[in-house]
Number of protein chains: 2
Amino acid sequence: MSKEDIKVLIIEDDPELIMVLSMYLKKYGIDTACAEDPYIGLSMLTQDKFDLIILDLTLPGMDGLEVIDKIRENSNIPIIISSARNDLTDKVIGLEKGADDYMPKPYDPRELVSRIKTILRRTKGGKSIEQKGSFYVDKQGHAIRFKGKTLELTAAEFDILEMLIEHRNSALSREQLLYESEHIDDSSSIKNIDVIVSRIRNKLAKIDSSKSYVKPVRGVGYMLVDEV
Amino acid sequence: MSKEDIKVLIIEDDPELIMVLSMYLKKYGIDTACAEDPYIGLSMLTQDKFDLIILDLTLPGMDGLEVIDKIRENSNIPIIISSARNDLTDKVIGLEKGADDYMPKPYDPRELVSRIKTILRRTKGGKSIEQKGSFYVDKQGHAIRFKGKTLELTAAEFDILEMLIEHRNSALSREQLLYESEHIDDSSSIKNIDVIVSRIRNKLAKIDSSKSYVKPVRGVGYMLVDEV
DNA sequence: TAAACCCTTCACAAGTTTTTCACAATTTAT
DNA sequence: ATAAATTGTGAAAAACTTGTGAAGGGTTTA
């Protein structure tokens with residue numbers, strides 16, 4: 001599945017937070033570069049290629065909102081705003097100016113990772129349609145094509161099928177499917193996975209009923225069988 | 001033997017919770033050691049090798065966050081924090097100090113297991129598919145591929161075939177096959193092995209019927225013949 | 001060559017897991 | 001606010017796996 005290198009620029013004046021964030025993001029395979037001064041940050045943007053910016057709004061001696069404008073003059077790069085002022089105005093204006101998301105401090109770094117991934121899935125995606133065996137997965141468009149036809153999947157079904165495709169010909173446990181899906185309630189019963197799989201199977205069968213692609217792996221979970 | 005040994009250190013002052021967790025984790029093939037006192041826990045770290053630590057933050061007479069620092073002085077081992085105080089600050093600081101995940105108490109042990117596995121998957125590197133002769137064994141994915149095709153094996157069949165592959169070109173006794181398989185009842189008749197081998201042979205023959213890979217070794221057991 | 005022994009396979013019983021259904025709860029859209 | 005769609009639950013039905021005994025076929029050895 002190979003992680004594409006993600007590189008993030010952090011513009012933030014608290015050196016300790018920078019340290020902490022860098023280390024945490026690195027654990028998830030996200031590289032970072034940092035600038036304590038927004039102008040330095042802006043110049044770094046011209047020199048290196050980044051996938052996303054995390055911008056602290058409460059910078060000393062400068063309005064963070066202005067920085068957004070400056071960035072947007074040259075680039076469409078995704079921006080996540082972070083701010084200690086839990087001020088709705090900041091958030092609204094920031095988003096209006098073209099930021100992509102807003103994280104009020106203090107925040108759970110896990111959530112930051114999750115938002116970074118969500119945003120990059122939406123924007124970067126690279127080649128947004130990837131072929132995996134007999135499936136074409138369009139993460140951006142939340143669509144999966146199978147044998148030339150587009151499956152009409154709900155969010156939960158998409159999550160599960162996408163994971164199965166990603167790990168095709170290898171079993172995934174119900175637990176993993178449940179806890180790593182974004183759209184299924186973590187507290188829901190493990191049996192729910194069976195129900196969702198059943199619904200996915202129905203939709204696949206409408207296109208190709210000659211065989212069952214999603215096989216049960218007794219005592220474990222499910223495996224998408226798709227030999228090429 | 002077919003499970004990778006995972007060993008977890010639990011630092012937690014509630015003896016009852018320790019009991020419950022140990023038993024639950026054992027069910028999922030995770031070994032545990034426990035310390036009610038963080039200093040004892042720290043010294044255990046130097047004596048034994050663990051894959052992960054579950055650390056209770058609300059320890060008596062000591063700040064759990066300090067424990068994280070102490071651990072991090074010597075080791076990069078993954079840490080999962082657990083805490084009764086559902087306090088965002090604790091959570092953030094914990095994760096910032098280098099913990100890998102956070103579980104607010106009370107939590108579902110199932111979720112703990114899932115998070116342990118997720119973290120270890122991330123830190124210990126992805127899936128390991130090993131080639132052995134003409135076979136590819138994917139333990140994590142409960143799949144064995146033979147001549148490019150994925151065999152559809154039941155749990156018992158998987159156990160037996162995996163052992164045969166591991167010791168290919170040398171004989172294994174029925175007793176060994178029976179007792180070292182996780183999914184075959186120890187109290188079942190030794191003849192059961194023959195039946196299972198027969199079923200494995202059928203599945204192999206569906207892919208390559210030109211020769212029989214699993215040869216009987218008279219008076220002993222079976223041998224997988226796979227000259228490369 | 002026959003007798004003894006071992007291996008292979010079959011069919012089915014028992015037990016377990018999975019599948020699916022109908023409906024409840026929840027979320028989203030109109 | 002109401003309707004529509006999605007997600008979640010419990011239970012009955014179906015499917016599958018394991019294990020057993022027995023029949024049949026092969027091999028070895030005396």
# chains A, B, ... in the order shown; residues from 1 in each chain; ligands from 1
$ closest_atom_pairs --of "chain C" --to "chain B" --cutoff "8 Å" --atoms "only C-alpha atoms (C1' of nucleotides)" --output "CSV"
residue,atom,partner,partner_atom,distance
C:DC6,C1',B:Arg218,CA,7.3
C:DC7,C1',B:Pro216,CA,7.9
C:DT8,C1',B:Ser198,CA,7.2
C:DT9,C1',B:Ser198,CA,7.7
$ calpha_fit_rmsd --fixed "chain B" --moving "chain A"
7.9 Å
$ atom_distance --atom1 "atom C1' of DA13 of chain C" --atom2 "atom CA of Gly221 of chain A"
26.4 Å
$ closest_atom_pairs --of "chain D" --to "chain B" --cutoff "12 Å" --atoms "only C-alpha atoms (C1' of nucleotides)" --output "JSON lines"
{"residue": "D:DC16", "atom": "C1'", "partner": "B:Thr154", "partner_atom": "CA", "distance": 9.5}
{"residue": "D:DT17", "atom": "C1'", "partner": "B:Thr154", "partner_atom": "CA", "distance": 7.3}
{"residue": "D:DT18", "atom": "C1'", "partner": "B:Ile184", "partner_atom": "CA", "distance": 7.8}
{"residue": "D:DG19", "atom": "C1'", "partner": "B:Asn192", "partner_atom": "CA", "distance": 6.6}
{"residue": "D:DT20", "atom": "C1'", "partner": "B:Ser189", "partner_atom": "CA", "distance": 8.3}
{"residue": "D:DG21", "atom": "C1'", "partner": "B:Lys191", "partner_atom": "CA", "distance": 10.5}
{"residue": "D:DG26", "atom": "C1'", "partner": "B:Arg218", "partner_atom": "CA", "distance": 11.9}
{"residue": "D:DT27", "atom": "C1'", "partner": "B:Arg218", "partner_atom": "CA", "distance": 9.7}
{"residue": "D:DT28", "atom": "C1'", "partner": "B:Arg218", "partner_atom": "CA", "distance": 10.4}
$ write_last_selection --atoms "C-alpha atoms (C1' of nucleotides)" --output "PDB file, in the first residue's frame"
ATOM      1  C1'  DC D  16     -19.564 -24.453   7.110  1.00  0.00           C
ATOM      2  C1'  DT D  17     -15.873 -26.848   9.885  1.00  0.00           C
ATOM      3  C1'  DT D  18     -14.310 -30.345  12.538  1.00  0.00           C
ATOM      4  C1'  DG D  19     -14.327 -34.933  14.057  1.00  0.00           C
ATOM      5  C1'  DT D  20     -15.710 -40.004  13.744  1.00  0.00           C
ATOM      6  C1'  DG D  21     -16.282 -44.564  12.156  1.00  0.00           C
ATOM      7  C1'  DG D  26      -2.253 -50.105  -1.237  1.00  0.00           C
ATOM      8  C1'  DT D  27       2.199 -51.748   0.682  1.00  0.00           C
ATOM      9  C1'  DT D  28       5.068 -54.348   3.235  1.00  0.00           C
TER      10       DT D  28
END
$ closest_atom_pairs --of "chain B" --to "chain A" --cutoff "6 Å" --atoms "only C-alpha atoms" --output "tab-separated table"
residue	atom	partner	partner_atom	distance
B:Val92	CA	A:Asp108	CA	5.4
B:Glu96	CA	A:Val20	CA	5.3
B:Gly141	CA	A:Ser170	CA	4.2
B:His142	CA	A:Ala171	CA	5.9
B:Ala143	CA	A:Ser170	CA	5.9
$ write_last_selection --atoms "C-alpha atoms" --output "short mmCIF file (atom, residue, chain, number, x, y, z; two decimals), in the first residue's frame"
data_model
loop_
_atom_site.label_atom_id
_atom_site.label_comp_id
_atom_site.auth_asym_id
_atom_site.auth_seq_id
_atom_site.Cartn_x
_atom_site.Cartn_y
_atom_site.Cartn_z
CA VAL B 92 -2.73 16.00 24.72
CA GLU B 96 2.88 15.04 23.18
CA GLY B 141 -3.80 -12.46 6.31
CA HIS B 142 -4.54 -16.10 6.98
CA ALA B 143 -3.74 -16.85 3.39
#
